[in-house]
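Undergrad: What follows is the file query-v5.pdb, containing PDB, C-alpha atoms:
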ATOM      1  CA  MET A   1       0.000   0.000   0.000
ATOM      2  CA  SER A   2       1.231   3.522  -0.691
ATOM      3  CA  ALA A   3       1.721   6.754   1.221
ATOM      4  CA  PRO A   4       2.807  10.283   0.364
ATOM      5  CA  THR A   5       6.375  11.069   1.495
ATOM      6  CA  LEU A   6       8.199  14.264   2.317
ATOM      7  CA  ASP A   7      10.442  13.775  -0.715
ATOM      8  CA  ASP A   8       7.370  13.669  -2.905
ATOM      9  CA  ILE A   9       6.147  16.954  -1.465
ATOM     10  CA  ASP A  10       9.486  18.621  -2.217
ATOM     11  CA  ASP A  11       9.626  17.055  -5.703
ATOM     12  CA  ALA A  12       6.308  18.183  -7.256
ATOM     13  CA  MET A  13       3.789  17.074  -4.729
ATOM     14  CA  GLU A  14       3.791  13.464  -5.838
ATOM     15  CA  MET A  15       3.496  10.530  -3.439
ATOM     16  CA  GLN A  16       4.588   7.014  -2.801
ATOM     17  CA  SER A  17       2.501   4.455  -1.058
ATOM     18  CA  ILE A  18       0.258   5.200   1.983
ATOM     19  CA  PRO A  19      -0.010   1.774   3.542
ATOM     20  CA  VAL A  20      -3.621   0.938   3.926
ATOM     21  CA  GLY A  21      -3.670  -1.926   6.346
ATOM     22  CA  TYR A  22      -6.294  -4.547   6.547
ATOM     23  CA  ARG A  23      -9.621  -4.892   4.836
ATOM     24  CA  ASP A  24     -12.618  -3.774   6.720
ATOM     25  CA  THR A  25     -16.415  -4.131   7.015
ATOM     26  CA  PRO A  26     -19.045  -3.791   9.782
ATOM     27  CA  GLN A  27     -18.734  -6.059  12.861
ATOM     28  CA  ASP A  28     -19.181  -9.667  12.002
ATOM     29  CA  GLU A  29     -22.774 -10.474  12.007
ATOM     30  CA  GLU A  30     -23.782 -13.454  13.967
ATOM     31  CA  GLU A  31     -26.757 -15.401  12.859
ATOM     32  CA  TYR A  32     -29.383 -15.707  15.483
ATOM     33  CA  GLU A  33     -31.921 -18.491  15.420
ATOM     34  CA  GLU A  34     -34.564 -19.197  17.994
ATOM     35  CA  THR A  35     -35.942 -22.684  18.010
ATOM     36  CA  PHE A  36     -39.027 -23.473  19.927
ATOM     37  CA  SER A  37     -39.541 -27.167  20.639
ATOM     38  CA  ASP A  38     -42.832 -28.785  21.399
ATOM     39  CA  ASP A  39     -41.987 -31.442  23.922
ATOM     40  CA  ASP A  40     -45.480 -32.125  25.193
ATOM     41  CA  ASP A  41     -46.184 -35.831  25.526
ATOM     42  CA  GLU A  42     -49.120 -37.164  23.585
ATOM     43  CA  ILE A  43     -52.055 -37.739  25.870
ATOM     44  CA  ASP A  44     -53.976 -40.917  25.218
ATOM     45  CA  GLU A  45     -57.746 -40.972  25.716
ATOM     46  CA  LEU A  46     -58.646 -42.145  29.183
ATOM     47  CA  GLY A  47     -61.720 -44.269  29.884
ATOM     48  CA  MET A  48     -63.461 -44.371  33.206
ATOM     49  CA  ILE A  49     -62.254 -47.183  35.377
ATOM     50  CA  ALA A  50     -65.298 -49.465  35.628
ATOM     51  CA  PRO A  51     -66.175 -51.285  38.805
ATOM     52  CA  SER A  52     -64.858 -54.779  38.860
ATOM     53  CA  SER A  53     -66.897 -57.927  39.376
ATOM     54  CA  SER A  54     -68.977 -58.460  42.458
ATOM     55  CA  SER A  55     -66.181 -60.488  43.902
ATOM     56  CA  GLN A  56     -64.096 -57.270  44.324
ATOM     57  CA  PRO A  57     -64.490 -55.574  47.675
ATOM     58  CA  LYS A  58     -66.532 -52.337  47.610
ATOM     59  CA  GLN A  59     -63.679 -50.504  49.336
ATOM     60  CA  LYS A  60     -61.326 -51.290  46.466
ATOM     61  CA  ASP A  61     -63.896 -50.009  43.928
ATOM     62  CA  THR A  62     -64.107 -46.657  45.722
ATOM     63  CA  ALA A  63     -60.302 -46.348  45.777
ATOM     64  CA  LEU A  64     -60.099 -46.996  42.040
ATOM     65  CA  LYS A  65     -62.645 -44.259  41.339
ATOM     66  CA  ARG A  66     -60.688 -41.783  43.458
ATOM     67  CA  HIS A  67     -57.493 -42.712  41.637
ATOM     68  CA  SER A  68     -59.198 -42.188  38.289
ATOM     69  CA  TYR A  69     -60.529 -38.743  39.217
ATOM     70  CA  SER A  70     -57.116 -37.655  40.554
ATOM     71  CA  TYR A  71     -55.369 -38.820  37.393
ATOM     72  CA  LEU A  72     -57.819 -36.962  35.160
ATOM     73  CA  THR A  73     -57.410 -33.782  37.219
ATOM     74  CA  CYS A  74     -53.602 -34.005  36.956
ATOM     75  CA  VAL A  75     -53.680 -34.554  33.202
ATOM     76  CA  THR A  76     -56.064 -31.623  32.719
ATOM     77  CA  PHE A  77     -53.800 -29.340  34.743
ATOM     78  CA  VAL A  78     -50.688 -30.370  32.768
ATOM     79  CA  GLY A  79     -52.507 -29.797  29.490
ATOM     80  CA  LEU A  80     -53.604 -26.299  30.477
ATOM     81  CA  ALA A  81     -50.072 -25.437  31.643
ATOM     82  CA  ALA A  82     -48.624 -26.617  28.323
ATOM     83  CA  ILE A  83     -51.090 -24.444  26.386
ATOM     84  CA  ILE A  84     -50.205 -21.363  28.468
ATOM     85  CA  ILE A  85     -46.459 -21.933  27.964
ATOM     86  CA  MET A  86     -46.871 -22.272  24.204
ATOM     87  CA  VAL A  87     -48.932 -19.078  24.015
ATOM     88  CA  GLU A  88     -46.263 -17.144  25.954
ATOM     89  CA  LEU A  89     -43.496 -18.479  23.723
ATOM     90  CA  LEU A  90     -45.342 -17.404  20.607
ATOM     91  CA  ARG A  91     -46.138 -13.987  22.033
ATOM     92  CA  GLY A  92     -42.586 -13.277  23.258
ATOM     93  CA  LYS A  93     -41.559 -11.013  26.093
ATOM     94  CA  ASP A  94     -41.831  -7.929  23.893
ATOM     95  CA  GLY A  95     -45.507  -8.578  23.208
ATOM     96  CA  SER A  96     -45.001  -9.681  19.616
ATOM     97  CA  SER A  97     -48.066 -11.455  18.294
ATOM     98  CA  SER A  98     -46.118 -13.966  16.223
ATOM     99  CA  LEU A  99     -42.809 -15.796  16.042
ATOM    100  CA  ASN A 100     -42.046 -14.120  12.722
ATOM    101  CA  ALA A 101     -42.424 -10.667  14.258
ATOM    102  CA  ARG A 102     -40.041 -11.556  17.077
ATOM    103  CA  THR A 103     -37.426 -12.925  14.669
ATOM    104  CA  LYS A 104     -37.702  -9.780  12.525
ATOM    105  CA  ALA A 105     -37.112  -7.580  15.579
ATOM    106  CA  MET A 106     -33.919  -9.499  16.375
ATOM    107  CA  SER A 107     -32.735  -9.123  12.775
ATOM    108  CA  ASP A 108     -33.373  -5.379  12.913
ATOM    109  CA  ASP A 109     -31.319  -5.074  16.104
ATOM    110  CA  LEU A 110     -28.491  -7.055  14.543
ATOM    111  CA  SER A 111     -28.405  -4.941  11.397
ATOM    112  CA  THR A 112     -28.315  -1.780  13.506
ATOM    113  CA  SER A 113     -25.279  -2.996  15.461
ATOM    114  CA  SER A 114     -23.516  -4.164  12.307
ATOM    115  CA  GLY A 115     -23.201  -0.970  10.369
ATOM    116  CA  GLY A 116     -26.807  -0.271   9.434
ATOM    117  CA  THR A 117     -26.444   3.374  10.392
ATOM    118  CA  THR A 118     -29.228   5.680   9.299
ATOM    119  CA  ALA A 119     -28.150   8.551   7.071
ATOM    120  CA  GLY A 120     -27.448  11.617   9.182
ATOM    121  CA  ASP A 121     -26.878   9.686  12.417
ATOM    122  CA  ASN A 122     -23.584   9.109  14.221
ATOM    123  CA  LEU A 123     -21.580  11.710  12.364
ATOM    124  CA  ILE A 124     -19.541  13.093  15.289
ATOM    125  CA  ILE A 125     -17.002  10.868  17.021
ATOM    126  CA  GLU A 126     -14.966  11.728  20.104
ATOM    127  CA  PHE A 127     -11.475  10.200  20.337
ATOM    128  CA  THR A 128      -9.617   9.890  23.636
ATOM    129  CA  VAL A 129      -5.847   9.750  23.158
ATOM    130  CA  ALA A 130      -3.089   8.409  25.422
ATOM    131  CA  ASN A 131       0.631   9.293  25.242
ATOM    132  CA  LEU A 132       0.478  12.812  23.875
ATOM    133  CA  ARG A 133       4.059  13.900  23.188
ATOM    134  CA  THR A 134       4.274  17.098  25.285
ATOM    135  CA  ASN A 135       3.313  15.280  28.475
ATOM    136  CA  SER A 136       6.577  13.423  29.024
ATOM    137  CA  GLN A 137       7.131  15.174  32.343
ATOM    138  CA  ASN A 138       3.728  14.126  33.660
ATOM    139  CA  CYS A 139       3.491  10.478  32.651
ATOM    140  CA  THR A 140       3.108   7.409  34.826
ATOM    141  CA  HIS A 141       4.059   3.910  33.744
ATOM    142  CA  ILE A 142       1.182   1.433  33.955
ATOM    143  CA  GLY A 143       2.697  -1.883  32.969
ATOM    144  CA  LYS A 144       4.627  -1.201  29.796
ATOM    145  CA  MET A 145       2.495   1.774  28.795
ATOM    146  CA  LEU A 146       2.508   5.438  29.745
ATOM    147  CA  GLN A 147      -0.536   7.333  30.908
ATOM    148  CA  CYS A 148      -0.062  11.071  30.612
ATOM    149  CA  ILE A 149      -1.789  14.183  31.892
ATOM    150  CA  PRO A 150      -2.563  16.572  29.003
ATOM    151  CA  GLN A 151      -0.854  19.966  29.238
ATOM    152  CA  HIS A 152      -1.821  21.789  26.073
ATOM    153  CA  ASN A 153      -4.159  24.786  25.918
ATOM    154  CA  ASN A 154      -7.382  22.863  26.460
ATOM    155  CA  ALA A 155      -5.930  20.522  29.082
ATOM    156  CA  THR A 156      -7.668  17.570  27.470
ATOM    157  CA  ASN A 157      -6.703  14.444  25.608
ATOM    158  CA  LYS A 158      -9.904  14.364  23.557
ATOM    159  CA  PHE A 159     -10.760  15.626  20.093
ATOM    160  CA  ARG A 160     -13.770  15.200  17.829
ATOM    161  CA  ILE A 161     -14.193  14.372  14.170
ATOM    162  CA  GLN A 162     -17.210  15.420  12.120
ATOM    163  CA  LEU A 163     -17.987  13.043   9.259
ATOM    164  CA  HIS A 164     -19.456  14.454   6.039
ATOM    165  CA  GLU A 165     -21.684  12.103   4.075
ATOM    166  CA  SER A 166     -21.925  14.583   1.233
ATOM    167  CA  TRP A 167     -18.141  14.361   0.740
ATOM    168  CA  ALA A 168     -17.746  10.584   0.730
ATOM    169  CA  PRO A 169     -20.818   8.470   1.577
ATOM    170  CA  ILE A 170     -19.063   5.113   1.106
ATOM    171  CA  GLY A 171     -16.092   6.064   3.248
ATOM    172  CA  VAL A 172     -18.296   7.593   5.936
ATOM    173  CA  LYS A 173     -20.383   4.451   6.213
ATOM    174  CA  ARG A 174     -17.249   2.337   6.633
ATOM    175  CA  PHE A 175     -15.817   4.636   9.299
ATOM    176  CA  GLN A 176     -19.111   4.559  11.198
ATOM    177  CA  ALA A 177     -19.143   0.764  11.057
ATOM    178  CA  LEU A 178     -15.573   0.525  12.370
ATOM    179  CA  THR A 179     -16.473   2.867  15.209
ATOM    180  CA  GLU A 180     -19.561   0.833  16.092
ATOM    181  CA  ALA A 181     -17.338  -2.253  16.213
ATOM    182  CA  ASN A 182     -14.902  -0.534  18.658
ATOM    183  CA  PHE A 183     -12.166  -1.059  16.090
ATOM    184  CA  TRP A 184     -10.274   2.088  17.118
ATOM    185  CA  ASP A 185      -9.771   1.072  20.758
ATOM    186  CA  ASP A 186      -6.031   0.584  21.430
ATOM    187  CA  VAL A 187      -5.134   1.508  17.838
ATOM    188  CA  ARG A 188      -1.695   3.203  17.603
ATOM    189  CA  ILE A 189      -1.000   6.274  15.505
ATOM    190  CA  PHE A 190       2.001   4.499  14.015
ATOM    191  CA  ARG A 191       3.139   6.949  11.321
ATOM    192  CA  VAL A 192       3.458  10.612  12.236
ATOM    193  CA  VAL A 193       5.248  13.016   9.896
ATOM    194  CA  PRO A 194       5.128  16.545  11.358
ATOM    195  CA  ALA A 195       3.344  19.119   9.200
ATOM    196  CA  PHE A 196       2.142  16.348   6.897
ATOM    197  CA  VAL A 197       0.040  13.420   8.199
ATOM    198  CA  SER A 198      -0.779  11.338  11.270
ATOM    199  CA  GLN A 199      -1.712   7.852  10.123
ATOM    200  CA  PHE A 200      -3.498   5.010  11.944
ATOM    201  CA  GLY A 201      -5.851   2.117  11.324
ATOM    202  CA  ILE A 202      -4.080  -1.199  12.019
ATOM    203  CA  SER A 203      -5.656  -3.054  14.922
ATOM    204  CA  SER A 204      -3.442  -3.868  17.910
ATOM    205  CA  TYR A 205      -5.069  -7.310  17.948
ATOM    206  CA  PRO A 206      -3.910  -9.635  15.131
ATOM    207  CA  ASP A 207      -7.098 -11.706  15.097
ATOM    208  CA  VAL A 208      -9.163  -8.581  14.553
ATOM    209  CA  GLN A 209      -6.875  -7.450  11.771
ATOM    210  CA  LYS A 210      -7.001 -10.868  10.116
ATOM    211  CA  TYR A 211     -10.763 -10.675  10.075
ATOM    212  CA  TYR A 212     -10.749  -7.325   8.327
ATOM    213  CA  ASP A 213      -8.057  -8.567   5.980
ATOM    214  CA  SER A 214     -10.466 -11.243   4.802
ATOM    215  CA  LEU A 215     -13.095  -8.746   3.704
ATOM    216  CA  GLY A 216     -13.329  -6.742   0.522
ATOM    217  CA  ASN A 217     -12.020  -3.280  -0.230
ATOM    218  CA  LEU A 218     -14.168  -0.196  -0.557
ATOM    219  CA  LYS A 219     -15.073   1.344  -3.868
ATOM    220  CA  ASP A 220     -13.734   4.862  -4.237
ATOM    221  CA  ASP A 221     -15.774   7.963  -3.519
ATOM    222  CA  LYS A 222     -15.436  10.915  -5.840
ATOM    223  CA  VAL A 223     -13.088  13.539  -4.438
ATOM    224  CA  ILE A 224     -15.408  16.325  -3.331
ATOM    225  CA  GLY A 225     -13.674  17.635  -0.211
ATOM    226  CA  THR A 226     -10.077  18.790  -0.220
ATOM    227  CA  ASN A 227      -7.130  17.495   1.825
ATOM    228  CA  LYS A 228      -6.631  20.644   3.860
ATOM    229  CA  ARG A 229      -5.229  20.670   7.379
ATOM    230  CA  GLY A 230      -7.532  18.861   9.812
ATOM    231  CA  THR A 231      -9.305  16.630   7.310
ATOM    232  CA  LEU A 232      -9.612  12.854   7.737
ATOM    233  CA  THR A 233      -8.955  10.668   4.678
ATOM    234  CA  PHE A 234      -8.731   6.945   3.932
ATOM    235  CA  ALA A 235      -5.306   5.737   2.865
ATOM    236  CA  THR A 236      -5.118   3.920  -0.450
ATOM    237  CA  SER A 237      -2.688   2.099  -2.720
ATOM    238  CA  GLY A 238      -4.606   2.718  -5.925
ATOM    239  CA  PRO A 239      -8.170   2.701  -7.214
ATOM    240  CA  ASN A 240     -10.729   0.953  -4.994
ATOM    241  CA  THR A 241      -8.244  -0.196  -2.332
ATOM    242  CA  ARG A 242      -9.492   1.579   0.800
ATOM    243  CA  THR A 243      -9.775  -0.638   3.879
ATOM    244  CA  THR A 244      -9.172   0.424   7.515
ATOM    245  CA  GLN A 245      -6.225   2.804   7.448
ATOM    246  CA  VAL A 246      -6.814   6.544   7.545
ATOM    247  CA  PHE A 247      -4.779   9.662   8.163
ATOM    248  CA  ILE A 248      -5.378  13.163   9.483
ATOM    249  CA  ASN A 249      -3.817  15.878   7.377
ATOM    250  CA  THR A 250      -1.721  18.061   9.687
ATOM    251  CA  ALA A 251      -0.939  20.503   6.871
ATOM    252  CA  ASP A 252      -2.658  21.609   3.675
ATOM    253  CA  ASN A 253      -2.047  18.652   1.352
ATOM    254  CA  LYS A 254      -4.341  19.631  -1.495
ATOM    255  CA  PHE A 255      -2.036  17.934  -4.013
ATOM    256  CA  LEU A 256      -3.494  14.650  -2.719
ATOM    257  CA  ASP A 257      -6.891  15.544  -4.187
ATOM    258  CA  LYS A 258      -5.696  14.846  -7.739
ATOM    259  CA  GLN A 259      -4.383  11.460  -6.658
ATOM    260  CA  GLY A 260      -7.779  10.191  -5.568
ATOM    261  CA  PHE A 261      -7.605  10.738  -1.800
ATOM    262  CA  SER A 262     -11.154  11.598  -0.803
ATOM    263  CA  PRO A 263     -11.623  13.228   2.634
ATOM    264  CA  ILE A 264     -14.490  11.845   4.698
ATOM    265  CA  GLY A 265     -14.512  14.306   7.589
ATOM    266  CA  GLU A 266     -12.590  16.861   9.612
ATOM    267  CA  VAL A 267     -11.392  17.575  13.133
ATOM    268  CA  LEU A 268     -13.746  19.987  14.866
ATOM    269  CA  PRO A 269     -12.576  23.171  16.608
ATOM    270  CA  ALA A 270     -12.079  22.829  20.376
ATOM    271  CA  GLY A 271     -15.198  22.878  22.480
ATOM    272  CA  ASP A 272     -16.385  22.242  26.018
ATOM    273  CA  GLY A 273     -14.304  19.345  27.376
ATOM    274  CA  TYR A 274     -12.446  18.506  24.166
ATOM    275  CA  GLY A 275      -9.693  19.973  22.045
ATOM    276  CA  GLY A 276      -9.164  20.380  18.321
ATOM    277  CA  MET A 277      -6.076  20.197  16.141
ATOM    278  CA  ASP A 278      -4.043  21.285  19.161
ATOM    279  CA  VAL A 279      -4.558  17.742  20.483
ATOM    280  CA  VAL A 280      -3.748  16.110  17.130
ATOM    281  CA  ASP A 281      -0.539  18.158  16.877
ATOM    282  CA  GLU A 282       0.638  16.607  20.157
ATOM    283  CA  ILE A 283       0.431  13.019  18.927
ATOM    284  CA  TYR A 284       3.865  11.478  19.536
ATOM    285  CA  ASN A 285       6.056  11.895  16.440
ATOM    286  CA  LYS A 286       9.600  10.853  17.365
ATOM    287  CA  TYR A 287       9.297   7.441  15.695
ATOM    288  CA  GLY A 288       8.273   8.966  12.364
ATOM    289  CA  GLY A 289       7.296   6.058  10.132
ATOM    290  CA  GLU A 290       9.648   3.561  11.747
ATOM    291  CA  PRO A 291       7.151   0.965  13.123
ATOM    292  CA  ASP A 292       6.921  -2.022  10.807
ATOM    293  CA  GLN A 293       3.358  -2.440   9.620
ATOM    294  CA  GLY A 294       3.816  -6.128   8.897
ATOM    295  CA  MET A 295       4.933  -6.706  12.476
ATOM    296  CA  ILE A 296       1.993  -4.720  13.820
ATOM    297  CA  LYS A 297      -0.355  -6.949  11.852
ATOM    298  CA  GLU A 298       1.434 -10.100  12.961
ATOM    299  CA  LYS A 299       2.303  -9.350  16.605
ATOM    300  CA  GLY A 300      -0.007  -6.459  17.429
ATOM    301  CA  LYS A 301       0.147  -4.901  20.870
ATOM    302  CA  ASP A 302       3.044  -7.065  22.089
ATOM    303  CA  TYR A 303       5.322  -5.741  19.351
ATOM    304  CA  LEU A 304       4.160  -2.149  19.799
ATOM    305  CA  GLU A 305       4.549  -2.058  23.573
ATOM    306  CA  GLU A 306       8.004  -3.616  23.456
ATOM    307  CA  MET A 307       9.471  -1.645  20.549
ATOM    308  CA  TYR A 308       7.487   1.611  20.494
ATOM    309  CA  PRO A 309       6.051   2.227  23.960
ATOM    310  CA  LEU A 310       5.676   5.981  23.446
ATOM    311  CA  LEU A 311       3.338   5.779  20.463
ATOM    312  CA  SER A 312       0.135   7.709  20.986
ATOM    313  CA  TYR A 313      -2.955   5.541  20.822
ATOM    314  CA  PHE A 314      -6.713   5.749  21.157
ATOM    315  CA  VAL A 315      -8.259   4.695  24.450
ATOM    316  CA  THR A 316     -11.793   4.992  23.086
ATOM    317  CA  ALA A 317     -13.683   6.376  20.097
ATOM    318  CA  GLU A 318     -17.354   7.001  20.714
ATOM    319  CA  PHE A 319     -20.279   8.666  18.957
ATOM    320  CA  VAL A 320     -21.522  11.832  20.644
TER     321      VAL A 320
END
Turn the structure described in the file into structure tokens.

TA:
Amino acid sequence: MSAPTLDDIDDAMEMQSIPVGYRDTPQDEEEYEETFSDDDDEIDELGMIAPSSSSQPKQKDTALKRHSYSYLTCVTFVGLAAIIIMVELLRGKDGSSSLNARTKAMSDDLSTSSGGTTAGDNLIIEFTVANLRTNSQNCTHIGKMLQCIPQHNNATNKFRIQLHESWAPIGVKRFQALTEANFWDDVRIFRVVPAFVSQFGISSYPDVQKYYDSLGNLKDDKVIGTNKRGTLTFATSGPNTRTTQVFINTADNKFLDKQGFSPIGEVLPAGDGYGGMDVVDEIYNKYGGEPDQGMIKEKGKDYLEEMYPLLSYFVTAEFV
């Protein structure tokens, strides 16, 4: 996969490969099936127990009658209970009048949690970042990782991204689906070139990345927005190759527009309780593009924590 380089900027604003990372789709859908079994035993017809011959004692005849009445009462009760249970199963706890309605409701819930986002919903996402670079004097080691107290103007380690469906509807839908799947949690910003881009989008968990690697690429959106400072764009290695990797432009990189890089959103100005590009600018940049993407995909968090413990990473990414 390809990425723009500083040499390309100096040489005519051309680029080499922005590595894209692994293929991506909404969270794996699990198939839900509800099976209702009808385990009721067949009830044979019961005849009245007739009195025996005159040689049988009268006391025994009375006992047999009592036994018969008790048995019939028990069977009737069991039958009524079975009918009530079946009715409740068919109705469902949610009051559905049929099994089909209940199954449809479950399918609707599943599609909602698997990327079925309604147009216009879930367009603002708040990212919480750990290991911002200017906080080296106020960091505490927790295991192999650093947790730092933000010290920039807004004293926060949060920023928000506004997605724009009108710019890139396909890319926006994918980004929403990844967010719904908690894909961004623990993701490292592994390639940071000052005054150019901050790139991320390889999962810290190899099994997760392998899953997304097995899924198809996105078709390209037309380039409607422009790659100005603060915009969010999917990385690509050519036509129709977008997957999970994205970058935030930390400078005006409008030359990328002509190369097919379609922005999908932008970092919002600072607000109450969150910062803006001032937070993005403090993402740790001393490693440059040194982390090996193949090793991240293969070893994930173990490789990153051992070799690049200061990398900034996302704690959470949530819709607001």

Undergrad: Between A:Val192, A:Leu218, A:Ile202, A:Ile125, which one has atoms that come closest to A:Glu298, using only C-alpha atoms?

TA: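 The closest residue to A:Glu298 is A:Ile202.
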
Undergrad: For A:Phe319, which residue among A:Glu126, A:Asp121, A:Glu266, A:Glu306 is the nearest when counting only C-alpha atoms?

TA: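 Closest candidate: A:Glu126.
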
Undergrad: Given the file above and the PyMOL selection byres ((chain A and resi 251) around 8), which residues are selected, and can you give them as a PyMOL selection string?

TA: chain A and resi 195-197+228-230+249-250+252-253

Undergrad: Can you work out which one of A:Thr244, A:Gln259, A:Thr316, A:Asn122 has the shortest atom-to-atom distance to A:Lys210, counting all atoms listed in the file?

TA: A:Thr244

Undergrad: May I ask for the distance between atom CA of A:Ile248 and atom CA of A:Phe200, given in Å to one decimal place?

TA: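 These atoms are spaced 8.7 Å apart.
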
Undergrad: At most 6 Å from (-5.4, 3.0, 19.1), file frame, all atoms listed in the file: which residues, as a short mmCIF file (atom, residue, chain, number, x, y, z; two decimals) with C-alpha atoms, keeping the file's coordinate frame?

TA:
data_model
loop_
_atom_site.label_atom_id
_atom_site.label_comp_id
_atom_site.auth_asym_id
_atom_site.auth_seq_id
_atom_site.Cartn_x
_atom_site.Cartn_y
_atom_site.Cartn_z
CA TRP A 184 -10.27 2.09 17.12
CA ASP A 185 -9.77 1.07 20.76
CA ASP A 186 -6.03 0.58 21.43
CA VAL A 187 -5.13 1.51 17.84
CA ARG A 188 -1.70 3.20 17.60
CA TYR A 313 -2.96 5.54 20.82
CA PHE A 314 -6.71 5.75 21.16
#
